[in-house]
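S.K.: Structure below; questions to follow.
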Amino acid sequence: MPTVTIKNLTKDFGSTTAINDLSLEIEKGKITGLIGADGAGKTTLIRLIIGLLLPKSGSIDVLGLNPFTQKPQLVSKIGYMPQKFGLYEDLTVIENLRLYADLKNQPYEFDKMLEFTSLSPFQDRLAGALSGGMKQKLGLACTLLGTPEFLLLDEPSVGVDPISRRDLMKMVRDMISPETTVLWSTAYLDEAHSFDTAVVLDKGKVIYNGKPHDLEESPKEFEDKVIELMGGYKNEPSKIAENYVYSGEFDLEAEQCTVVADNLEKKYGNFYAVKNNSFCIKRGEIFGLLGPNGAGKSTSFKMMCGLSKPTSGTAKIMGIDILKNPAKARSNLGYMAQKFSLYGALTVRQNLEFFAAAYGIGLFDRKKRVDEIIEVFDFQDVQNQKSEDLPLGFKQRLSLACALIHNPPILFLDEPTSGVDVIARREFWNHITSLAKKGVTILVTTHFMDEAEFCDRISLFYKGEAIAVGSPAELKQKAGVSDMENAFINLIKESGK
Amino acid sequence: MIIEYLRRILALIKKEFITIWKDPKSRGIIIAMPLLQLFVFANAITMEVKNIDTVIIDRDNSVESRELVSRFEHSPRFRKFYFVDNEKDFQAKIDNQKVQIGVYINNDFSSSVKSKKPTDVLVIADGRQTNSAAIAGGYASQIIEGYNSEITGAKGAGINPVIRNWFNPNLEYRWYILTVIIAMLALVITLLLTALSIAREREMGTFDQLIVSPLSSFEILLGKTIPPLVIAMGLTVLMTLIIVAGFKVPFAGSIWLFLVSIFVSLLSIVGVGLFISSICKTQQQAILGVITFQMPSVLLSGFISPIEDMPPGWQYLTWINPVRFFIVLTRGIFLKGMGVEDVWMNLVPLILIAIVTLSLASWTFKRKLD
Amino acid sequence: MKILSALIKKEFLQIIRDPSSIIIAFVLPLLSILIYMYGVNLDSVKVTLGIKNDDSNSEISTLVKSFGHSKYVNSIVFDNEQELEEAITRSKIKGAVIIPNDFSTKISRGQSGDLLIITDGTEVNTANYVQSYSTAIANSWLNTSKYKYLTENPVVRPVLRVWYNQDLNSHYFILPGSISVTMTLIGILLTALVVAREWERGTMEALLSTQVRKIDIVLGKYIPYFTLGMISMTFNVFLCVGVFKVPFRGHYLVLFAVSALFLFTLLGVGLTISSKLKNQFLASQVALSIGFLPALMLSGLMFPINSMPRFFQILTGILPPRYFITFIESEFMAGTIWSLVAINAVFLTVLGLLLFFLVYKSTDMRLGGK
């Protein structure tokens, strides 16, 4: 008997249909991956399954219970980890665990869990002070308490480094019993490929339901196949790059590098968040900052754009010191923050118009430029929606659009693709590489190792220091492996010894 | 250059307006709350003590004592009367706050009146009920004195006070309360609009986005100042119109001076609000900041009790309270037609407060990088 | 039971981690009591008066002097009528007494002499003081002057006694009364954000996917903030009685029992705001605009409820501080009067239960529109 049986399920939000006459069975004792483009209805489906939302029509049967009327009985049998993990950030690790143990009527036996998550040394740290990867592990640990029969994970690996991702996967597989059913929504197709079943959603409908290996043997081919199912990725020349015109002048004689970090250091008390960080990025180069969560990438990033003051060292943009002449330095900069940080109450168009004006684009040019960006980024359908209501992937795209609005010669992108679906990611990188070809200097952080391959040079960060710098090929060679993910893991492990 | 500058600021202002106005709930709170409160306060609040309920013991029960009692009964300020015949009931009525006043007439009342021998009528006021007790007691005394001067025939030398109340001939409390409350409500709205704004952007991460843009902190400051100022100004003018047209309070002064005054007053409050907001990391902290400013500034504005009656140290403290000057200006221009020179004297401290708080706020924008 | 205690424990931990609730509970009472103690003074109001004497009789100069000697008046002598008028307009003086040139002539003939009293009507309370002080000073002057044999002794004299607060120390009722206003603010501020915060941070979604029942969520908010609120209440009473020596004549048990009911209703107000709006920004706006001014103006602390028009008297019935203020002032000043305790306790209970029901109803167990 399947764990979940869904028949003709439909769910509307106002005029938009999130789930459209969907029928699906989820097999007991299997890990099912839920894949789909942004806004395909993954989160809505998970919420409907556990009764957090009520459908317009259709029926759901979960573990023999109806989530709409029998939610109280159902919740005791499931474990659900929402996108924001549901952790209390002002509580410590152990306090969070105790809280959820009490809520699920479980004893305080966390030794195994703590050891497994390697959170033991951090028991008394506030959850809010944990790195992204550790938060996710803690969230999962809380969800796994009470050995639920059915585990639902909503994009647990967003923004997590490859090592943590592996740990997370291992943790789930080790902690569950063979009878446990898992529904795992993810944007990582290599992850989905390793599951028992893959369900691909598109526009609120199931477009594929079967074994990932039946679709394609290797993760790479699987990815291509899923992309094809989802409508395909057209490898067209980037319109953004085509439209890119830099109005200033590059003065390459005076300054070899457009972005320079000179001995940047950031100290909190006796603790070095970033130590001795120097690099020099040439015009048109894509420079990647890679590293585990909490290694100091974001701090470096913030110092580079003047959001955080270095304890010592300087950061220069186009030869201008970011601290001495911030306004001038920043006018050359397009910045995309890790967390969605645009105005939620403004529509897509209003956000674009605002940032266009903030960067001093004139009224006539502004209208043209905003229209252009809306077309290039495919925002026609959503341009008048409030941006806080957009699915995560659209939000990321909008952030990039805002960063690019003034055709900056330098782009700083902090995890620009986390939470974005696979097609959008490809398009994204198409734009980025094409922009680099037109002379835009790009500083980027990412947790997708396939993306790291697009970088010209990578600085691998660990514990506040750059442990290796070089092209992807050089790094792979240094680690003695053939793919970036293993290179990353090996180099980090080596340096840890 | 200057056009580019204006363009950026305009964009900031537009963004701020959309954020404040787009959410119908937020808009409702900002408009409806002050107007509703204006309406309720205007109608409900008075210092005049009315509807006084009284308990009476008439031990004399004569023609004369009943004559005195009937004077109470005919006074429009008094409402209900309870006649009791023993002290226990008398006290019970006062204890249970059934009445505000007790009147005790002795059994020698009529004989004293007839023989012109002095006699006392005891008036008891309930000291638990604010100073309305004293006021009600005063009314009762007046009635008794009136009775006295009638039976004595008002002969002999005396003082006849001839009273002229300037600017408000009938001492209408509503005139006073409305011209003050307008400043109080403007204070509340302005703080609502400003104190949460930066803290919220910080929580949402959008403030980083602003800092990374080429906008200077002065431009950000202007963008944060103008929209709340315009909205608060609009509401204050609207409230003034309601006061003049709806509640018929005469506007004696110059409209232009009035507009300039509320503009400067609101600017100084915007400054305080933005300063609070700039030093707060979360909205929770900002709320706390607003309250710790709002409560003292209302209580120490001279509205509840005159500034001259505060201890000297506290009087100095009110010099940094913008509300103090704000109410002097609204009341003075509205009711007295205050002149340019006096308006200016009150504007100077407000301008100083605005300059200091706004500079501190803009300075904190930059300093807040960790 | 286990779930509820876990939620309560969690809430306490959060209270400890974020100092702002602790600050609200302890700093706010301290600040407000200091202000009401030193900044608000309703009894010994001292007014500045202008005096102009047009009567050249030398005896009248003693009247001018007696204005100078009064402890309630600061007097300034004017010679020029125009200067005097200007002084009133510019608020240099709060009023003026003009002695007409025939004043002594009339009195010496055994008639009433007119005394012109001008007040600044824009400050209604002060204007009343100006009237009564000037009349009283002139009358007592007359009774000690050389004209005193020309006056007629009154037959019926009012004797005013104020019960429960013989020395009419306004702090004896303001301080206990202020607890009511302060606690209103504290109760609402503590809880207005706590549910909205869980929705915004996504922790509510996680809670809803566990076996938590609706009643657990509701009580899990009520109980911790009730505890904190009661501690804050105790602190308030301690400041009043222990530090500022306000006499307390009632029973502490009764005081805390009714305070508990009061707090219960206040938490209901805050939690209703929070669970209905689910948004910290809007919840803050509402809490700030209803938390302070209505409680201050309409609870009866400053302005008598009895004098309001009937409709508005009924309207104040929805304000919890209104009941508490009546109770606490009586409990402090008159001791426990059971009928008063009962009626206010019943109203607070009804209001509290209604709000509890509303909170329960507005607690969603599923995600809303999105």
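In the structure tokens, chains take the letters A, B, ... in the order shown, each chain's residues start at 1, and ligands count up from 1 in the order shown.
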So that I can check the surroundings of stretch 225-234 of chain C, please list as JSON, numbers by chain every protein, DNA and RNA residue that reaches within 7 Å of it, counting only C-alpha atoms and ignoring chain neighbours fewer than 2 positions away.
M.R.: {"C": [25, 26, 187, 221, 222, 223, 236, 237, 238, 260, 263, 264]}
S.K.: Can you tell me, as a VMD selection string, what residues are no more than 10 Å from stretch 39-47 of chain B when counting only C-alpha atoms, ignoring any on the same chain fewer than 3 positions away?
M.R.: (chain B and resid 34 to 36 50 131 to 132 135 172 to 179 181 239 242 to 243 246 to 247) or (chain C and resid 124 to 125 293 to 294 297 to 298 300 302 to 313 315 to 316)
S.K.: Could you write out that same residue set with N, CA and C atoms as a short mmCIF file (atom, residue, chain, number, x, y, z; two decimals), in the first residue's frame?
M.R.:
```cif
data_model
loop_
_atom_site.label_atom_id
_atom_site.label_comp_id
_atom_site.auth_asym_id
_atom_site.auth_seq_id
_atom_site.Cartn_x
_atom_site.Cartn_y
_atom_site.Cartn_z
N PRO B 34 -5.52 57.72 13.74
CA PRO B 34 -5.52 59.08 14.29
C PRO B 34 -6.87 59.78 14.16
N LEU B 35 -7.56 59.57 13.04
CA LEU B 35 -8.82 60.27 12.86
C LEU B 35 -9.86 59.77 13.87
N LEU B 36 -9.86 58.47 14.08
CA LEU B 36 -10.78 57.90 15.04
C LEU B 36 -10.49 58.44 16.44
N LYS B 50 -19.07 67.11 35.22
CA LYS B 50 -20.52 67.10 35.02
C LYS B 50 -21.08 65.82 35.59
N ASN B 131 -8.53 64.85 40.26
CA ASN B 131 -8.86 66.16 40.83
C ASN B 131 -10.29 66.57 40.55
N SER B 132 -11.04 65.66 39.93
CA SER B 132 -12.46 65.99 39.75
C SER B 132 -13.11 66.15 41.12
N ILE B 135 -12.73 69.69 42.16
CA ILE B 135 -13.56 70.56 41.32
C ILE B 135 -15.03 70.44 41.72
N GLU B 172 -13.90 76.89 26.81
CA GLU B 172 -14.30 75.60 26.26
C GLU B 172 -13.12 74.65 26.29
N TYR B 173 -13.27 73.57 27.01
CA TYR B 173 -12.16 72.64 27.15
C TYR B 173 -11.80 72.01 25.81
N ARG B 174 -12.81 71.86 24.97
CA ARG B 174 -12.58 71.22 23.69
C ARG B 174 -11.56 72.01 22.85
N TRP B 175 -11.61 73.33 22.95
CA TRP B 175 -10.67 74.14 22.17
C TRP B 175 -9.25 73.81 22.57
N TYR B 176 -9.10 73.69 23.90
CA TYR B 176 -7.77 73.39 24.42
C TYR B 176 -7.33 71.99 23.99
N ILE B 177 -8.19 71.02 24.25
CA ILE B 177 -7.78 69.63 24.03
C ILE B 177 -7.51 69.37 22.54
N LEU B 178 -8.33 69.97 21.67
CA LEU B 178 -8.16 69.69 20.25
C LEU B 178 -6.85 70.25 19.71
N THR B 179 -6.51 71.45 20.15
CA THR B 179 -5.29 72.04 19.60
C THR B 179 -4.05 71.35 20.16
N ILE B 181 -4.23 67.88 21.11
CA ILE B 181 -4.29 66.48 20.67
C ILE B 181 -3.81 66.33 19.23
N MET B 239 -6.49 66.99 9.89
CA MET B 239 -7.04 67.07 11.25
C MET B 239 -7.40 68.52 11.60
N ILE B 242 -10.61 69.38 10.05
CA ILE B 242 -11.73 68.79 10.79
C ILE B 242 -12.02 69.59 12.06
N ILE B 243 -10.95 70.03 12.71
CA ILE B 243 -11.13 70.78 13.95
C ILE B 243 -11.84 72.11 13.68
N GLY B 246 -15.39 70.90 11.54
CA GLY B 246 -16.27 69.98 12.23
C GLY B 246 -16.53 70.38 13.67
N PHE B 247 -15.49 70.80 14.36
CA PHE B 247 -15.66 71.11 15.77
C PHE B 247 -15.73 72.60 16.06
N VAL C 124 -7.06 76.02 29.61
CA VAL C 124 -8.30 76.07 30.36
C VAL C 124 -8.08 75.78 31.85
N ASN C 125 -7.27 74.78 32.15
CA ASN C 125 -7.05 74.46 33.55
C ASN C 125 -6.42 75.61 34.30
N LEU C 293 -1.91 56.38 24.09
CA LEU C 293 -2.80 57.54 24.19
C LEU C 293 -4.21 57.20 24.71
N PRO C 294 -4.88 56.19 24.13
CA PRO C 294 -6.23 55.91 24.63
C PRO C 294 -6.23 55.58 26.12
N MET C 297 -5.76 58.85 28.04
CA MET C 297 -6.79 59.88 27.93
C MET C 297 -8.16 59.39 28.39
N LEU C 298 -8.45 58.12 28.15
CA LEU C 298 -9.84 57.68 28.34
C LEU C 298 -10.04 56.77 29.53
N GLY C 300 -9.72 57.49 32.67
CA GLY C 300 -10.18 58.15 33.88
C GLY C 300 -9.04 58.65 34.75
N MET C 302 -6.66 60.92 33.91
CA MET C 302 -6.49 62.36 33.77
C MET C 302 -7.82 63.08 33.63
N PHE C 303 -8.76 62.45 32.96
CA PHE C 303 -10.02 63.14 32.65
C PHE C 303 -11.19 62.31 33.16
N PRO C 304 -12.11 62.96 33.86
CA PRO C 304 -13.20 62.21 34.49
C PRO C 304 -14.11 61.53 33.46
N ILE C 305 -14.35 60.24 33.67
CA ILE C 305 -15.21 59.50 32.76
C ILE C 305 -16.66 59.93 32.93
N ASN C 306 -17.02 60.26 34.19
CA ASN C 306 -18.39 60.65 34.49
C ASN C 306 -18.88 61.85 33.71
N SER C 307 -17.94 62.71 33.30
CA SER C 307 -18.36 63.92 32.59
C SER C 307 -18.50 63.71 31.09
N MET C 308 -18.12 62.53 30.62
CA MET C 308 -18.20 62.32 29.17
C MET C 308 -19.65 62.13 28.75
N PRO C 309 -19.95 62.41 27.47
CA PRO C 309 -21.29 62.09 26.98
C PRO C 309 -21.53 60.58 27.13
N ARG C 310 -22.79 60.23 27.28
CA ARG C 310 -23.14 58.85 27.62
C ARG C 310 -22.51 57.82 26.67
N PHE C 311 -22.60 58.10 25.37
CA PHE C 311 -22.07 57.16 24.39
C PHE C 311 -20.58 56.87 24.63
N PHE C 312 -19.84 57.91 24.94
CA PHE C 312 -18.40 57.73 25.12
C PHE C 312 -18.09 57.08 26.46
N GLN C 313 -18.97 57.30 27.42
CA GLN C 313 -18.79 56.57 28.68
C GLN C 313 -18.92 55.08 28.44
N LEU C 315 -18.38 53.63 25.62
CA LEU C 315 -17.23 53.25 24.80
C LEU C 315 -15.99 52.95 25.65
N THR C 316 -15.81 53.71 26.71
CA THR C 316 -14.63 53.44 27.56
C THR C 316 -14.75 52.08 28.23
#
```
S.K.: Pick out the chain C residues within 10 Å of chain A. Count only C-alpha atoms. Give them as number ranges by chain.
M.R.: C: 1-11, 13-18, 198, 201-213, 364-370
S.K.: Based on DSSP run over this structure's backbone, return all residues of stretch 130-196 of chain B in strand (DSSP E), as a list in words.
M.R.: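 Restricting stretch 130-196 of chain B to strand (DSSP E) produces Gly158, Ile159, Asn160, Pro161, Val162, Ile163, Arg164, Asn165 and Trp166 of chain B.
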S.K.: Tell me, as a list in words, which residues lie within 7 Å of C:Thr336, counting only C-alpha atoms; anything in the same chain fewer than 5 positions away does not count.
M.R.: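 In the requested form, the answer reads Gly250, His251 and Glu331 of chain C.
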S.K.: Filtering to C-alpha atoms, could you give me those residues as a short mmCIF file (atom, residue, chain, number, x, y, z; two decimals), in the first residue's frame?
M.R.:
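Saved result, selection.cif, follows:
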```cif
data_model
loop_
_atom_site.label_atom_id
_atom_site.label_comp_id
_atom_site.auth_asym_id
_atom_site.auth_seq_id
_atom_site.Cartn_x
_atom_site.Cartn_y
_atom_site.Cartn_z
CA GLY C 250 -5.79 47.53 50.99
CA HIS C 251 -4.87 43.86 50.85
CA GLU C 331 -7.48 49.76 46.92
#
```
S.K.: Within 7 Å of chain A, which residues of chain B come that close, and what is the closest atom pair and distance in Å for each? Count only C-alpha atoms and give it as CSV.
M.R.:
```
residue,atom,partner,partner_atom,distance
B:Glu4,CA,A:Gly360,CA,6.0
B:Arg7,CA,A:Ala357,CA,6.5
B:Arg8,CA,A:Ala358,CA,5.0
B:Ala11,CA,A:Phe354,CA,5.5
B:Lys15,CA,A:Phe354,CA,6.7
B:Ile18,CA,A:Leu346,CA,6.7
B:Thr19,CA,A:Ala345,CA,5.6
B:Met204,CA,A:Ser341,CA,6.1
B:Gly205,CA,A:Ser341,CA,4.9
B:Thr206,CA,A:Ser341,CA,4.7
B:Asp208,CA,A:Leu307,CA,6.8
B:Gln209,CA,A:Ser341,CA,6.9
B:Val212,CA,A:Arg330,CA,6.2
B:Ser213,CA,A:Arg330,CA,5.9
B:Pro214,CA,A:Ala327,CA,4.4
B:Leu215,CA,A:Ala358,CA,6.4
B:Ser216,CA,A:Ala327,CA,6.5
B:Leu369,CA,A:Ser308,CA,5.2
B:Asp370,CA,A:Ser308,CA,5.5
```
S.K.: Go ahead and save the picked residues with C-alpha atoms, as a JSON list (two decimals), in the first residue's frame.
M.R.:
```
[["chain", "number", "residue", "atom", "x", "y", "z"],
["B", 4, "GLU", "CA", 20.79, 63.18, -11.47],
["B", 7, "ARG", "CA", 16.29, 61.75, -9.82],
["B", 8, "ARG", "CA", 17.86, 59.41, -7.29],
["B", 11, "ALA", "CA", 13.25, 57.23, -6.80],
["B", 15, "LYS", "CA", 9.79, 53.53, -3.25],
["B", 18, "ILE", "CA", 4.76, 52.51, -2.33],
["B", 19, "THR", "CA", 5.94, 50.60, 0.72],
["B", 204, "MET", "CA", 14.94, 42.42, 5.47],
["B", 205, "GLY", "CA", 18.45, 42.99, 4.16],
["B", 206, "THR", "CA", 17.39, 45.75, 1.79],
["B", 208, "ASP", "CA", 22.62, 46.54, 2.59],
["B", 209, "GLN", "CA", 21.38, 46.85, -0.95],
["B", 212, "VAL", "CA", 26.02, 49.07, -1.85],
["B", 213, "SER", "CA", 24.37, 51.39, -4.35],
["B", 214, "PRO", "CA", 26.07, 54.71, -5.09],
["B", 215, "LEU", "CA", 23.42, 56.52, -3.04],
["B", 216, "SER", "CA", 25.06, 58.70, -0.44],
["B", 369, "LEU", "CA", 29.01, 48.72, 9.35],
["B", 370, "ASP", "CA", 30.55, 46.24, 11.71]]
```
S.K.: Under the rule that only C-alpha atoms are counted, which of A:Ile410, A:Leu460, A:Ile240, A:Val422 is the nearest residue to A:Lys225?
M.R.: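 Looking only at the distances to A:Lys225, the closest residue turns out to be A:Val422.
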S.K.: List the spatial neighbours of B:Ile307 as an MDAnalysis selection string - criterion: any atom at most 8 Å away, only C-alpha atoms, same-chain residues fewer than 6 positions off excluded.
M.R.: (chainID B and resid 300:301 315 318) or (chainID C and resid 39)
S.K.: Which distance in Å separates atom CA of A:Arg349 and atom CA of A:Gln383, to one decimal?
M.R.: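 If I compute the distance from atom CA of A:Arg349 to atom CA of A:Gln383, I get 5.2 Å.
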S.K.: How many Å lie between atom CA of C:Ser58 and atom CA of C:Ala138, rounded to one decimal?
M.R.: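 So the two atoms, atom CA of C:Ser58 and atom CA of C:Ala138, lie 15.7 Å apart.
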S.K.: Find the spatial neighbours of stretch 112-114 of chain B, counting only C-alpha atoms, within a cut-off of 9 Å - ignore same-chain residues fewer than 4 positions away - and output them as number ranges by chain.
M.R.: B: 64, 108, 118-119, 151; C: 155-156
S.K.: Let me see the file: selected residues, N, CA and C atoms, as a compact mmCIF listing (two decimals), in the first residue's frame.
M.R.:
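Wrote again_14.txt, looks like this:
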```txt
# COMPACT_ATOMS: atom_id res chain seq x y z
N GLU B 64 -35.86 75.53 55.12
CA GLU B 64 -34.60 76.14 54.71
C GLU B 64 -33.64 75.10 54.13
N ASP B 108 -29.14 71.91 63.28
CA ASP B 108 -29.35 73.30 63.72
C ASP B 108 -29.43 74.27 62.54
N PRO B 118 -23.77 81.71 62.59
CA PRO B 118 -23.01 80.94 61.59
C PRO B 118 -23.20 79.43 61.76
N THR B 119 -23.35 78.75 60.65
CA THR B 119 -23.43 77.29 60.67
C THR B 119 -22.68 76.71 59.47
N ILE B 151 -29.49 84.78 51.53
CA ILE B 151 -30.16 84.99 52.81
C ILE B 151 -29.59 86.17 53.58
N VAL C 155 -23.49 83.37 57.09
CA VAL C 155 -24.27 82.54 58.00
C VAL C 155 -24.04 81.07 57.68
N VAL C 156 -24.23 80.73 56.40
CA VAL C 156 -24.03 79.35 55.99
C VAL C 156 -22.68 79.23 55.29
```
S.K.: Just the residues within 12 Å of A:Ala487, please, counting only C-alpha atoms, with nothing from its chain fewer than 6 positions along; format it as a PyMOL selection string.
M.R.: chain A and resi 162-163+290-291+449-450+452-453+458+460+468+471-481+493-494
S.K.: With C-alpha atoms retained, export the selected residues as a PDB file, in the first residue's frame.
M.R.:
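In the end it all went to out17.pdb:
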```pdb
ATOM      1  CA  PRO A 162      29.039  19.815  -1.029  1.00  0.00           C
ATOM      2  CA  ILE A 163      30.469  18.275   2.127  1.00  0.00           C
ATOM      3  CA  LEU A 290      34.349  28.406  -2.882  1.00  0.00           C
ATOM      4  CA  GLY A 291      34.345  26.840   0.517  1.00  0.00           C
ATOM      5  CA  MET A 449      30.332  22.350  -8.189  1.00  0.00           C
ATOM      6  CA  ASP A 450      29.213  22.137 -11.792  1.00  0.00           C
ATOM      7  CA  ALA A 452      32.512  26.172 -10.307  1.00  0.00           C
ATOM      8  CA  GLU A 453      33.705  24.712 -13.579  1.00  0.00           C
ATOM      9  CA  ILE A 458      38.813  29.690  -7.989  1.00  0.00           C
ATOM     10  CA  LEU A 460      39.116  27.762  -2.144  1.00  0.00           C
ATOM     11  CA  ALA A 468      44.166  26.928  -2.831  1.00  0.00           C
ATOM     12  CA  SER A 471      41.833  27.304 -12.428  1.00  0.00           C
ATOM     13  CA  PRO A 472      39.357  24.415 -12.014  1.00  0.00           C
ATOM     14  CA  ALA A 473      41.738  22.173 -13.924  1.00  0.00           C
ATOM     15  CA  GLU A 474      44.650  23.096 -11.679  1.00  0.00           C
ATOM     16  CA  LEU A 475      42.610  22.426  -8.558  1.00  0.00           C
ATOM     17  CA  LYS A 476      41.432  19.068  -9.830  1.00  0.00           C
ATOM     18  CA  GLN A 477      44.960  18.161 -10.690  1.00  0.00           C
ATOM     19  CA  LYS A 478      46.196  19.237  -7.299  1.00  0.00           C
ATOM     20  CA  ALA A 479      43.583  17.074  -5.611  1.00  0.00           C
ATOM     21  CA  GLY A 480      44.242  14.240  -8.017  1.00  0.00           C
ATOM     22  CA  VAL A 481      40.626  13.749  -9.022  1.00  0.00           C
ATOM     23  CA  LYS A 493      40.129  17.340   4.028  1.00  0.00           C
ATOM     24  CA  GLU A 494      43.819  17.633   3.327  1.00  0.00           C
TER      25      GLU A 494
END
```
S.K.: So that I can see what lies close to A:Thr181, please list as a list in words the residues with an atom at most 9 Å from it, counting only C-alpha atoms and leaving out residues fewer than 6 positions away in the same chain.
M.R.: Thr3, Ile26, Glu27, Lys28, Gly29, Lys30, Ile31, Thr32, Pro148, Glu149, Phe150, Leu151 and Leu152 of chain A
S.K.: Grab the residues selected above and save them as an mmCIF file, in the first residue's frame with C-alpha atoms.
M.R.:
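File selection38.cif, as written:
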```
data_model
loop_
_atom_site.group_PDB
_atom_site.id
_atom_site.type_symbol
_atom_site.label_atom_id
_atom_site.label_comp_id
_atom_site.auth_asym_id
_atom_site.auth_seq_id
_atom_site.Cartn_x
_atom_site.Cartn_y
_atom_site.Cartn_z
ATOM 1 C CA THR A 3 2.201 5.960 1.747
ATOM 2 C CA ILE A 26 4.243 7.731 -3.271
ATOM 3 C CA GLU A 27 5.636 4.311 -2.514
ATOM 4 C CA LYS A 28 6.267 3.161 0.993
ATOM 5 C CA GLY A 29 9.846 2.675 2.124
ATOM 6 C CA LYS A 30 11.338 4.588 -0.783
ATOM 7 C CA ILE A 31 13.039 7.941 -1.155
ATOM 8 C CA THR A 32 11.112 10.000 -3.661
ATOM 9 C CA PRO A 148 8.605 9.310 11.765
ATOM 10 C CA GLU A 149 7.050 6.895 9.311
ATOM 11 C CA PHE A 150 7.008 9.531 6.622
ATOM 12 C CA LEU A 151 9.635 12.209 6.208
ATOM 13 C CA LEU A 152 9.056 15.332 4.109
#
```
S.K.: Just the number, please: distance in Å from atom CA of C:Trp338 to atom CA of B:Ile101, one decimal.
M.R.: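 Atom-to-atom, atom CA of C:Trp338 to atom CA of B:Ile101, that is 20.3 Å.
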